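**Q** Contents of query-v9.tsv (TSV, C-alpha atoms and all ligand atoms) are below:
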chain	number	residue	atom	x	y	z
J	20	MET	CA	15.38	-0.45	20.71
J	21	SER	CA	14.80	-4.13	21.59
J	22	ALA	CA	13.40	-6.55	19.04
J	23	VAL	CA	11.26	-9.72	18.80
J	24	ALA	CA	7.99	-8.49	20.29
J	25	THR	CA	5.77	-10.10	17.72
J	26	ARG	CA	5.90	-13.88	17.88
J	27	ASN	CA	7.82	-15.47	14.98
J	28	PHE	CA	8.91	-12.12	13.57
J	29	ASP	CA	11.97	-10.01	14.17
J	30	LEU	CA	10.29	-6.62	14.56
J	31	PRO	CA	10.84	-3.57	16.77
J	32	ALA	CA	9.19	-4.27	20.14
J	33	ASP	CA	7.60	-0.87	20.67
J	34	GLU	CA	3.82	-0.94	20.05
J	35	VAL	CA	3.15	2.68	19.15
J	36	MET	CA	-0.39	1.89	17.99
J	37	SER	CA	-2.80	0.83	20.70
J	38	PRO	CA	-5.50	-1.87	20.57
J	39	GLY	CA	-9.14	-0.78	20.49
J	40	HIS	CA	-9.14	0.84	17.04
J	41	LEU	CA	-12.36	1.03	15.04
J	42	GLY	CA	-11.38	-1.05	11.99
J	43	CYS	CA	-13.34	-4.15	10.99
J	44	GLY	CA	-12.07	-7.46	12.39
J	45	GLY	CA	-8.97	-8.54	10.46
J	46	CYS	CA	-8.53	-5.13	8.78
J	47	GLY	CA	-5.30	-5.17	6.75
J	48	ALA	CA	-5.08	-1.37	6.88
J	49	ALA	CA	-4.96	-1.48	10.69
J	50	LEU	CA	-2.17	-4.06	10.59
J	51	ALA	CA	-0.29	-1.91	8.08
J	52	MET	CA	-0.34	1.02	10.51
J	53	ARG	CA	0.75	-1.14	13.43
J	54	PHE	CA	3.82	-2.35	11.52
J	55	ALA	CA	4.56	1.03	9.95
J	56	LEU	CA	4.64	2.81	13.30
J	57	LYS	CA	7.12	0.24	14.60
J	58	ALA	CA	9.45	1.52	11.87
J	59	LEU	CA	8.53	5.20	11.97
J	60	GLY	CA	8.53	5.54	15.77
J	61	ARG	CA	6.79	7.92	18.14
J	62	GLU	CA	8.33	11.10	16.71
J	63	THR	CA	5.95	11.00	13.76
J	64	VAL	CA	3.08	13.18	12.55
J	65	LEU	CA	0.46	11.43	10.41
J	66	VAL	CA	-1.65	13.17	7.80
J	67	PHE	CA	-4.91	11.42	6.82
J	68	PRO	CA	-7.15	12.38	3.92
J	69	ALA	CA	-10.69	10.94	3.94
J	70	CYS	CA	-10.39	7.14	4.05
J	71	CYS	CA	-11.05	4.19	6.35
J	72	TRP	CA	-8.21	5.35	8.60
J	73	THR	CA	-10.18	8.53	9.34
J	74	VAL	CA	-12.59	6.18	11.10
J	75	ILE	CA	-10.20	3.45	12.32
J	76	ASP	CA	-8.26	5.98	14.40
J	77	GLY	CA	-11.36	6.76	16.52
J	78	PRO	CA	-13.31	9.92	17.36
J	79	SER	CA	-11.54	12.89	18.98
J	80	PRO	CA	-10.15	13.01	21.66
J	81	TYR	CA	-9.34	9.30	21.21
J	82	SER	CA	-6.73	8.07	18.74
J	83	ALA	CA	-5.39	4.56	18.16
J	84	THR	CA	-2.15	5.66	16.54
J	85	GLY	CA	-0.41	7.11	19.59
J	86	VAL	CA	1.09	9.96	17.51
J	87	PRO	CA	-0.29	13.36	16.39
J	88	VAL	CA	-2.73	13.08	13.50
J	89	MET	CA	-3.94	15.75	11.11
J	90	HIS	CA	-7.09	15.10	9.05
J	91	THR	CA	-7.20	16.77	5.64
J	92	PRO	CA	-9.63	16.97	2.71
J	93	PHE	CA	-9.52	14.02	0.34
J	94	ALA	CA	-7.34	15.51	-2.39
J	95	SER	CA	-4.69	17.14	-0.28
J	96	ALA	CA	-2.71	14.62	1.80
J	97	ALA	CA	0.63	15.29	0.10
J	98	ALA	CA	0.13	19.07	0.08
J	99	ALA	CA	-0.91	19.13	3.75
J	100	ALA	CA	2.01	16.89	4.71
J	101	SER	CA	4.36	19.26	2.86
J	102	GLY	CA	2.95	22.13	4.94
J	103	VAL	CA	3.38	20.21	8.20
J	104	ARG	CA	6.99	19.49	7.20
J	105	ALA	CA	7.64	23.18	6.51
J	106	ALA	CA	6.12	24.20	9.85
J	107	LEU	CA	8.18	21.64	11.79
J	108	ASP	CA	11.36	22.70	10.00
J	109	ARG	CA	10.60	26.33	10.84
J	110	ARG	CA	10.41	25.32	14.51
J	111	GLY	CA	13.67	23.38	14.24
J	112	GLN	CA	11.94	20.00	14.66
J	113	HIS	CA	13.82	18.40	11.80
J	114	ASP	CA	13.86	14.96	13.45
J	115	VAL	CA	10.08	14.55	13.43
J	116	THR	CA	8.96	12.31	10.55
J	117	VAL	CA	5.97	13.51	8.53
J	118	CYS	CA	3.96	10.70	6.96
J	119	ALA	CA	0.98	11.16	4.67
J	120	TRP	CA	-1.16	8.03	5.04
J	121	ALA	CA	-3.83	7.56	2.39
J	122	GLY	CA	-5.99	4.90	0.78
J	123	ASP	CA	-5.76	3.95	-2.88
J	124	GLY	CA	-8.66	6.26	-3.82
J	125	GLY	CA	-6.93	9.16	-2.08
J	126	THR	CA	-3.64	8.33	-3.82
J	127	PHE	CA	-4.18	6.73	-7.24
J	128	ASP	CA	-7.15	8.94	-8.11
J	129	ILE	CA	-8.13	12.01	-6.17
J	130	GLY	CA	-4.81	12.76	-4.45
J	131	ILE	CA	-2.49	12.16	-7.40
J	132	GLN	CA	-2.16	15.83	-8.38
J	133	ALA	CA	-0.94	16.85	-4.92
J	134	LEU	CA	1.26	13.75	-4.72
J	135	SER	CA	2.84	14.39	-8.13
J	136	ALA	CA	3.46	18.02	-7.18
J	137	ALA	CA	5.09	17.03	-3.87
J	138	ALA	CA	7.20	14.42	-5.70
J	139	GLU	CA	8.29	16.99	-8.28
J	140	ARG	CA	9.37	19.33	-5.46
J	141	ASN	CA	10.95	16.32	-3.71
J	142	GLU	CA	9.30	17.28	-0.43
J	143	ASN	CA	10.90	15.71	2.61
J	144	ILE	CA	7.94	13.47	3.53
J	145	ILE	CA	7.09	9.79	3.57
J	146	TYR	CA	3.89	9.03	1.66
J	147	VAL	CA	2.24	5.69	2.39
J	148	CYS	CA	-0.62	4.42	0.27
J	149	TYR	CA	-2.34	1.51	2.01
J	150	ASP	CA	-4.06	-0.18	-0.88
J	151	ASN	CA	-7.26	-2.15	-0.26
J	152	GLU	CA	-8.03	-1.84	-3.97
J	153	ALA	CA	-11.29	0.14	-3.75
J	154	TYR	CA	-13.00	3.05	-2.01
J	155	MET	CA	-13.89	0.94	1.02
J	156	ASN	CA	-14.96	3.61	3.49
J	157	THR	CA	-17.91	4.61	1.32
J	158	GLY	CA	-19.02	1.07	0.52
J	159	VAL	CA	-16.63	-0.53	-2.01
J	160	GLN	CA	-16.54	1.59	-5.17
J	161	ARG	CA	-13.98	0.96	-7.91
J	162	SER	CA	-10.72	2.94	-7.87
J	163	SER	CA	-7.91	2.93	-10.42
J	164	ALA	CA	-6.14	0.50	-8.07
J	165	THR	CA	-8.95	-2.07	-8.35
J	166	PRO	CA	-7.65	-5.09	-10.29
J	167	LEU	CA	-8.97	-6.31	-13.63
J	168	GLY	CA	-12.04	-8.51	-13.18
J	169	ALA	CA	-12.87	-7.49	-9.60
J	170	TRP	CA	-16.43	-6.88	-8.42
J	171	THR	CA	-17.21	-3.57	-6.72
J	172	THR	CA	-20.52	-1.74	-6.32
J	173	THR	CA	-19.63	0.39	-9.36
J	174	THR	CA	-18.33	-2.61	-11.35
J	175	PRO	CA	-21.17	-5.04	-10.58
J	176	ALA	CA	-21.62	-8.67	-11.57
J	177	ALA	CA	-22.16	-8.37	-15.29
J	178	ARG	CA	-19.56	-5.63	-15.71
J	179	THR	CA	-16.70	-6.37	-13.30
J	180	LYS	CA	-13.66	-4.12	-13.72
J	181	ARG	CA	-12.42	-3.99	-17.30
J	182	GLN	CA	-9.20	-2.07	-16.75
J	183	GLY	CA	-6.02	-3.23	-15.02
J	184	LYS	CA	-4.52	-1.62	-11.94
J	185	LYS	CA	-2.72	1.68	-12.49
J	186	ASP	CA	1.07	1.30	-12.17
J	187	LEU	CA	1.47	4.01	-9.55
J	188	VAL	CA	4.87	2.87	-8.33
J	189	GLY	CA	6.09	3.25	-11.93
J	190	VAL	CA	4.57	6.73	-12.02
J	191	LEU	CA	6.32	7.73	-8.78
J	192	ALA	CA	9.62	6.17	-9.87
J	193	ALA	CA	9.40	8.22	-13.07
J	194	HIS	CA	9.40	11.37	-10.90
J	195	GLY	CA	12.94	10.44	-9.85
J	196	VAL	CA	12.24	10.53	-6.10
J	197	PRO	CA	14.87	8.86	-3.88
J	198	TYR	CA	12.86	5.83	-2.79
J	199	VAL	CA	9.71	3.96	-3.79
J	200	ALA	CA	8.75	0.47	-2.70
J	201	THR	CA	5.92	-2.02	-2.43
J	202	ALA	CA	5.11	-3.97	0.73
J	203	THR	CA	2.28	-5.96	2.29
J	204	ILE	CA	1.10	-6.76	5.78
J	205	ALA	CA	1.73	-10.42	4.92
J	206	TYR	CA	5.52	-9.80	5.01
J	207	PRO	CA	5.89	-7.54	8.06
J	208	GLU	CA	9.69	-7.74	8.29
J	209	ASP	CA	10.00	-6.60	4.68
J	210	LEU	CA	7.50	-3.79	5.32
J	211	VAL	CA	9.31	-2.58	8.44
J	212	ALA	CA	12.74	-2.81	6.77
J	213	LYS	CA	11.54	-0.69	3.85
J	214	LEU	CA	10.15	2.03	6.09
J	215	GLN	CA	13.32	1.95	8.18
J	216	ARG	CA	15.30	2.45	4.98
J	217	ALA	CA	12.94	5.24	3.89
J	218	LYS	CA	13.42	6.94	7.25
J	219	THR	CA	17.17	7.20	6.69
J	220	LEU	CA	16.66	9.14	3.44
J	221	THR	CA	15.68	12.72	2.67
J	222	GLY	CA	13.16	13.77	0.05
J	223	LEU	CA	9.93	12.16	-1.03
J	224	ARG	CA	9.72	8.50	-0.16
J	225	PHE	CA	6.71	6.49	-1.33
J	226	LEU	CA	5.53	3.16	0.04
J	227	HIS	CA	2.71	1.21	-1.59
J	228	ILE	CA	1.32	-1.31	0.92
J	229	LEU	CA	-1.17	-3.99	-0.11
J	230	ALA	CA	-3.69	-4.18	2.75
J	231	PRO	CA	-6.33	-6.89	2.18
J	232	CYS	CA	-9.81	-5.83	3.33
J	233	PRO	CA	-12.18	-8.56	4.56
J	234	ALA	CA	-15.24	-6.38	3.96
J	235	GLY	CA	-14.45	-5.32	0.40
J	236	TRP	CA	-12.65	-8.44	-0.80
J	237	LYS	CA	-15.34	-10.64	0.73
J	238	ILE	CA	-12.88	-12.86	2.53
J	239	PRO	CA	-12.96	-14.20	6.10
J	240	SER	CA	-11.20	-11.88	8.54
J	241	ASP	CA	-8.66	-14.55	9.48
J	242	GLN	CA	-7.50	-14.86	5.85
J	243	VAL	CA	-5.92	-11.44	5.22
J	244	VAL	CA	-2.36	-12.63	5.73
J	245	ARG	CA	-2.91	-15.72	3.57
J	246	TYR	CA	-4.26	-13.61	0.69
J	247	GLY	CA	-1.44	-11.11	1.10
J	248	ARG	CA	1.04	-13.96	0.73
J	249	LEU	CA	-0.84	-15.38	-2.27
J	250	ALA	CA	-0.83	-11.94	-3.94
J	251	VAL	CA	2.96	-11.96	-3.82
J	252	ALA	CA	3.31	-15.60	-4.90
J	253	ALA	CA	0.92	-15.08	-7.84
J	254	ARG	CA	2.95	-11.98	-8.80
J	255	VAL	CA	-0.21	-9.93	-8.62
J	256	PHE	CA	1.61	-7.72	-6.10
J	257	PRO	CA	5.39	-8.23	-6.39
J	258	LEU	CA	7.55	-6.96	-3.54
J	259	PHE	CA	10.34	-4.68	-4.72
J	260	GLU	CA	12.01	-1.35	-4.13
J	261	VAL	CA	13.47	1.40	-6.29
J	262	ASP	CA	16.27	2.91	-4.26
J	263	HIS	CA	17.82	5.84	-6.13
J	264	ASP	CA	16.75	4.37	-9.48
J	265	ARG	CA	17.99	0.87	-8.63
J	266	TRP	CA	15.15	-1.67	-9.00
J	267	ARG	CA	15.44	-4.70	-6.70
J	268	LEU	CA	13.10	-7.56	-5.79
J	269	SER	CA	12.96	-8.03	-2.02
J	270	VAL	CA	10.84	-11.18	-1.67
J	271	ASP	CA	10.26	-13.67	-4.49
J	272	PRO	CA	8.52	-16.86	-3.32
J	273	PRO	CA	7.75	-19.86	-5.59
J	274	VAL	CA	5.19	-18.72	-8.16
J	275	VAL	CA	1.53	-19.87	-8.15
J	276	PRO	CA	-1.18	-19.28	-10.79
J	277	VAL	CA	-3.42	-16.23	-10.39
J	278	ALA	CA	-6.36	-18.70	-10.16
J	279	ASP	CA	-5.01	-19.77	-6.74
J	280	TYR	CA	-5.03	-16.16	-5.57
J	281	ILE	CA	-8.58	-15.29	-6.63
J	282	LYS	CA	-10.12	-18.54	-5.35
J	283	GLY	CA	-12.31	-17.87	-2.33
J	284	GLN	CA	-12.33	-14.08	-2.73
J	285	GLY	CA	-15.98	-13.08	-3.13
J	286	ARG	CA	-15.02	-10.06	-5.24
J	287	PHE	CA	-13.60	-12.42	-7.91
J	288	ARG	CA	-16.34	-15.05	-7.84
J	289	PHE	CA	-17.60	-14.07	-11.32
J	290	LEU	CA	-14.08	-14.49	-12.69
J	291	GLU	CA	-13.73	-18.05	-11.37
J	292	ARG	CA	-16.41	-19.13	-13.86
J	293	ASP	CA	-15.07	-17.07	-16.77
J	294	ASP	CA	-12.00	-18.63	-18.36
J	295	ASP	CA	-11.51	-15.81	-20.89
J	296	ARG	CA	-11.36	-13.08	-18.28
J	297	LEU	CA	-9.23	-15.19	-15.95
J	298	THR	CA	-6.79	-15.69	-18.83
J	299	ALA	CA	-6.84	-11.92	-19.45
J	300	LEU	CA	-5.99	-11.30	-15.79
J	301	GLN	CA	-3.14	-13.84	-15.84
J	302	SER	CA	-1.78	-12.22	-19.03
J	303	ASP	CA	-1.95	-8.78	-17.43
J	304	VAL	CA	-0.04	-10.07	-14.38
J	305	ASP	CA	2.57	-11.80	-16.60
J	306	ARG	CA	3.09	-8.67	-18.69
J	307	ARG	CA	3.66	-6.51	-15.61
J	308	TRP	CA	6.03	-9.10	-14.15
J	309	ARG	CA	8.12	-9.17	-17.35
J	310	ARG	CA	8.45	-5.39	-17.25
J	311	LEU	CA	9.49	-5.43	-13.58
J	312	ALA	CA	11.94	-8.29	-14.12
J	313	SER	CA	13.59	-6.43	-16.99
J	314	ARG	CA	13.99	-3.31	-14.82
J	315	VAL	CA	15.58	-5.43	-12.08
J	316	ARG	CA	17.90	-7.14	-14.59
J	317	GLU	CA	18.90	-3.78	-16.03
J	318	ALA	CA	19.75	-2.48	-12.53
J	319	GLU	CA	21.79	-5.61	-11.81
J	320	ALA	CA	23.70	-5.19	-15.04
J	321	TRP	CA	24.65	-1.64	-14.10
J	322	SER	CA	25.70	-2.37	-10.52
F	1	LIG	C1	-13.96	15.40	-2.20
F	1	LIG	C2	-14.55	14.20	-1.51
F	1	LIG	N1	-15.22	13.28	-2.25
F	1	LIG	C3	-15.75	12.18	-1.65
F	1	LIG	C4	-15.63	12.01	-0.31
F	1	LIG	C5	-16.27	10.79	0.35
F	1	LIG	N2	-15.30	9.79	0.77
F	1	LIG	C6	-14.83	9.71	2.03
F	1	LIG	S1	-13.81	8.41	2.29
F	1	LIG	C7	-14.00	7.92	0.68
F	1	LIG	C8	-13.34	6.66	0.18
F	1	LIG	C9	-11.84	6.64	0.36
F	1	LIG	O1	-11.30	5.58	-0.37
F	1	LIG	P1	-9.78	5.22	-0.27
F	1	LIG	O2	-8.95	6.43	-0.42
F	1	LIG	O3	-9.51	4.10	-1.19
F	1	LIG	O4	-9.61	4.72	1.25
F	1	LIG	P2	-10.40	3.52	1.97
F	1	LIG	O5	-11.75	4.06	2.32
F	1	LIG	O6	-10.47	2.39	1.03
F	1	LIG	O7	-9.59	3.24	3.18
F	1	LIG	C10	-14.84	8.78	-0.04
F	1	LIG	C11	-15.23	8.62	-1.46
F	1	LIG	C12	-14.94	12.99	0.44
F	1	LIG	N3	-14.74	12.86	1.76
F	1	LIG	N4	-14.41	14.07	-0.18
F	2	LIG	S1	-13.68	-1.64	5.19
F	2	LIG	FE1	-11.74	-2.75	4.94
F	2	LIG	S2	-10.08	-1.20	5.12
F	2	LIG	FE2	-11.99	-0.32	5.93
F	2	LIG	S3	-11.92	-0.72	8.14
F	2	LIG	FE3	-13.07	-2.42	7.22
F	2	LIG	S4	-11.52	-4.00	6.76
F	2	LIG	FE4	-10.42	-2.07	7.16
Just give me the structure of the file as structure tokens.
Ligand SMILES: Cc1ncc(C[n+]2csc(CCOP(=O)(O)OP(=O)(O)O)c2C)c(N)n1
Ligand code: SF4

**A**
Amino acid sequence: MSAVATRNFDLPADEVMSPGHLGCGGCGAALAMRFALKALGRETVLVFPACCWTVIDGPSPYSATGVPVMHTPFASAAAAASGVRAALDRRGQHDVTVCAWAGDGGTFDIGIQALSAAAERNENIIYVCYDNEAYMNTGVQRSSATPLGAWTTTTPAARTKRQGKKDLVGVLAAHGVPYVATATIAYPEDLVAKLQRAKTLTGLRFLHILAPCPAGWKIPSDQVVRYGRLAVAARVFPLFEVDHDRWRLSVDPPVVPVADYIKGQGRFRFLERDDDRLTALQSDVDRRWRRLASRVREAEAWS
């Protein structure tokens, strides 16, 4: 396949996803799909639980993805994808990739039982969680992926989120699946490379993609890439992979304070005026970074 279709980036040229989707302007989740399908290719079946992508894809018979899509109940993306895999294998269609594609609510919270079960069975599927850090489709409610200190409609001004983000990549890595990784739309080459790597493997592969959401984060729609980059630089969302138990950082730009990342995001505006909670958020980020760095060092020592 030829490369360099997207200006300034070395990406597969094929645009599997078509324009005219129903996402909000600047939707990070739509960008995530566009890049992911460049890696996954046209021989892919997508499985969507309830989430923004149920809407973004468009009403039947229209579909923005350009590949077959199966819609499932909220809790069952990983189970339904496992069933699609079994059916394709039965028909001898082993080369078709099956990808469950779910939001953070459908992954971190309501879909985790089915995901854990599929991981324990090491089902031969790719599971992508595009993480916009709340239940956006139903109007911005808190999920267990929502960061400490963020405003949502269920963590309003006086009581913004008091818990940190669940370490779901750690949870998946602890299942011993062949491949788990983080990515963001702000580093498309890294995202595509990780899905290309995942595609070469067999078993359950999990990708956690940070997908900034203009509507829920209360940011201008032309700022999603900038905030994705800041999330990585502030180490709020480090980019790494765990390939057969080997932890490796893939992108590690010069570090900036978390205050730089939250500035201008409407969902964090209460935090900007609250030094104590901002310090708590920075400490939470630092603690997670230390744990990740020690896992990476340990893997380096063993290699
Ligand atoms: C069992 C069940 N509970 C609630 C809903 C309503 N619902 C549809 S989409 C959605 C939010 C999904 O959030 P997330 O998975 O984070 O994806 P996003 O909307 O952010 O893309 C909810 C609560 C549902 N469809 N099924
Ligand atoms: S609410 Fe957010 S994730 Fe959903 S379509 Fe709009 S921008 Fe995309």

**Q** Give me the residues near Leu214 in chain J as a PDB file with C-alpha atoms, keeping the file's coordinate frame, where near means some atom within 8 Å (using only C-alpha atoms) and where sequence neighbours in that chain fewer than 2 positions away do not count.

**A**
ATOM      1  CA  ALA J  55       4.560   1.030   9.950  1.00  0.00           C
ATOM      2  CA  ALA J  58       9.450   1.520  11.870  1.00  0.00           C
ATOM      3  CA  LEU J  59       8.530   5.200  11.970  1.00  0.00           C
ATOM      4  CA  LEU J 210       7.500  -3.790   5.320  1.00  0.00           C
ATOM      5  CA  VAL J 211       9.310  -2.580   8.440  1.00  0.00           C
ATOM      6  CA  ALA J 212      12.740  -2.810   6.770  1.00  0.00           C
ATOM      7  CA  ARG J 216      15.300   2.450   4.980  1.00  0.00           C
ATOM      8  CA  ALA J 217      12.940   5.240   3.890  1.00  0.00           C
ATOM      9  CA  LYS J 218      13.420   6.940   7.250  1.00  0.00           C
ATOM     10  CA  LEU J 226       5.530   3.160   0.040  1.00  0.00           C
TER      11      LEU J 226
END

**Q** List as CSV every residue of chain J that is in contact with ligand LIG 2 (chain F), defined as an atom at most 8 Å from one of its atoms (using all atoms listed in the file), together with the nearest atom pair and the distance in Å rounded to one decimal, sorted by chain and then rising number.

**A**
residue,atom,partner,partner_atom,distance
J:Leu41,CA,F:LIG2,S3,7.1
J:Gly42,CA,F:LIG2,S3,3.9
J:Cys43,CA,F:LIG2,FE3,4.2
J:Gly44,CA,F:LIG2,S4,6.6
J:Gly45,CA,F:LIG2,S4,6.4
J:Cys46,CA,F:LIG2,S4,3.8
J:Gly47,CA,F:LIG2,FE4,6.0
J:Ala48,CA,F:LIG2,S2,5.3
J:Ala49,CA,F:LIG2,FE4,6.5
J:Cys70,CA,F:LIG2,FE2,7.9
J:Cys71,CA,F:LIG2,FE2,4.6
J:Trp72,CA,F:LIG2,S3,7.1
J:Val74,CA,F:LIG2,S3,7.5
J:Ile75,CA,F:LIG2,S3,6.1
J:Asn151,CA,F:LIG2,S2,6.1
J:Met155,CA,F:LIG2,S1,4.9
J:Asn156,CA,F:LIG2,FE2,5.5
J:Gly158,CA,F:LIG2,S1,7.6
J:Val159,CA,F:LIG2,S1,7.9
J:Ala230,CA,F:LIG2,S2,7.4
J:Pro231,CA,F:LIG2,FE1,7.4
J:Cys232,CA,F:LIG2,FE1,4.0
J:Pro233,CA,F:LIG2,S4,5.1
J:Ala234,CA,F:LIG2,FE1,5.1
J:Gly235,CA,F:LIG2,FE1,5.9

**Q** Could you tell me which of J:Val66, J:Ala164, J:Ser79, J:Val35 comes closest to ligand LIG 1 (chain F) if we count all atoms listed in the file?

**A** J:Ala164

**Q** Kindly work out which residues sit at most 7 Å from ligand LIG 1 (chain F), using all atoms listed in the file, and give the list as a PyMOL selection string.

**A** chain J and resi 69-72+92-94+121-126+150-157+162

**Q** Distance cut-off 9 Å, centre (-0.8, 8.9, 16.8) in file coordinates, counting all atoms listed in the file: which residues qualify? Return them as a list in words.

**A**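 Protein and nucleic acid residues near the point are Val35, Met36, Leu56, Arg61, Thr63, Val64, Leu65, Asp76, Ser82, Ala83, Thr84, Gly85, Val86, Pro87 and Val88 of chain J.
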
**Q** Have a look at CA of Val274 in chain J and CA of Val251 in chain J and let me know their distance in Å, one decimal.

**A**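 Distance between the two atoms: 8.3 Å.
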
**Q** With all atoms listed in the file as the basis for distance, which of J:Leu258, J:Leu297, J:Ala137, J:Leu290 is at the shortest distance from Tyr206 in chain J?

**A**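 Closest residue, counting all atoms listed in the file: J:Leu258.
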
**Q** Need to verify the contact set: range 173-176 of chain J, 7 Å, only C-alpha atoms, exclusion of same-chain residues closer than 5 positions in sequence. Can you return it as a PDB file with C-alpha atoms, keeping the file's coordinate frame?

**A**
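Generated output (selection-v4.pdb):
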ATOM      1  CA  GLN J 160     -16.540   1.590  -5.170  1.00  0.00           C
ATOM      2  CA  ARG J 161     -13.980   0.960  -7.910  1.00  0.00           C
ATOM      3  CA  PHE J 289     -17.600 -14.070 -11.320  1.00  0.00           C
TER       4      PHE J 289
END

**Q** Expressed in Å to a single decimal, how great is the separation between CA of Leu30 in chain J and CA of Thr73 in chain J?

**A**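 Separating CA of Leu30 in chain J from CA of Thr73 in chain J is a distance of 26.0 Å.
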
**Q** Given all atoms listed in the file as the basis, pick out the residue of J:Arg306, J:Arg265, J:Arg296, J:Arg109 nearest to Arg178 in chain J.

**A**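 Closest candidate: J:Arg296.
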
**Q** Would you compute an axis-aligned box for range 295-313 of chain J, covering every atom listed for it in the file with 4 Å of margin on each side, and report centre and edge lengths in Å to one decimal as lines of an AutoDock Vina configuration file?

**A**
center_x = 1.0
center_y = -10.6
center_z = -17.2
size_x = 33.1
size_y = 18.4
size_z = 15.3

**Q** List the spatial neighbours of Ser135 in chain J as a VMD selection string - criterion: any atom at most 12 Å away, all atoms listed in the file, same-chain residues fewer than 6 positions off excluded.

**A** chain J and resid 94 to 98 126 to 129 141 to 142 146 187 to 188 190 to 196 223 225

**Q** I'd like the contact shell of Thr201 in chain J - 10 Å cut-off, all atoms listed in the file, skipping same-chain residues fewer than 6 positions apart - returned as a PDB file with C-alpha atoms, keeping the file's coordinate frame.

**A**
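The resulting file, out-v1.pdb, is shown below:
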ATOM      1  CA  VAL J 147       2.240   5.690   2.390  1.00  0.00           C
ATOM      2  CA  CYS J 148      -0.620   4.420   0.270  1.00  0.00           C
ATOM      3  CA  VAL J 188       4.870   2.870  -8.330  1.00  0.00           C
ATOM      4  CA  ASP J 209      10.000  -6.600   4.680  1.00  0.00           C
ATOM      5  CA  LEU J 210       7.500  -3.790   5.320  1.00  0.00           C
ATOM      6  CA  LYS J 213      11.540  -0.690   3.850  1.00  0.00           C
ATOM      7  CA  PHE J 225       6.710   6.490  -1.330  1.00  0.00           C
ATOM      8  CA  LEU J 226       5.530   3.160   0.040  1.00  0.00           C
ATOM      9  CA  HIS J 227       2.710   1.210  -1.590  1.00  0.00           C
ATOM     10  CA  ILE J 228       1.320  -1.310   0.920  1.00  0.00           C
ATOM     11  CA  LEU J 229      -1.170  -3.990  -0.110  1.00  0.00           C
ATOM     12  CA  PHE J 256       1.610  -7.720  -6.100  1.00  0.00           C
ATOM     13  CA  PRO J 257       5.390  -8.230  -6.390  1.00  0.00           C
ATOM     14  CA  LEU J 258       7.550  -6.960  -3.540  1.00  0.00           C
ATOM     15  CA  PHE J 259      10.340  -4.680  -4.720  1.00  0.00           C
ATOM     16  CA  GLU J 260      12.010  -1.350  -4.130  1.00  0.00           C
ATOM     17  CA  VAL J 261      13.470   1.400  -6.290  1.00  0.00           C
ATOM     18  CA  LEU J 268      13.100  -7.560  -5.790  1.00  0.00           C
ATOM     19  CA  SER J 269      12.960  -8.030  -2.020  1.00  0.00           C
TER      20      SER J 269
END

**Q** Can you measure CA of Thr91 in chain J to CA of Glu139 in chain J for me? One decimal in Å is fine.

**A** 20.8 Å
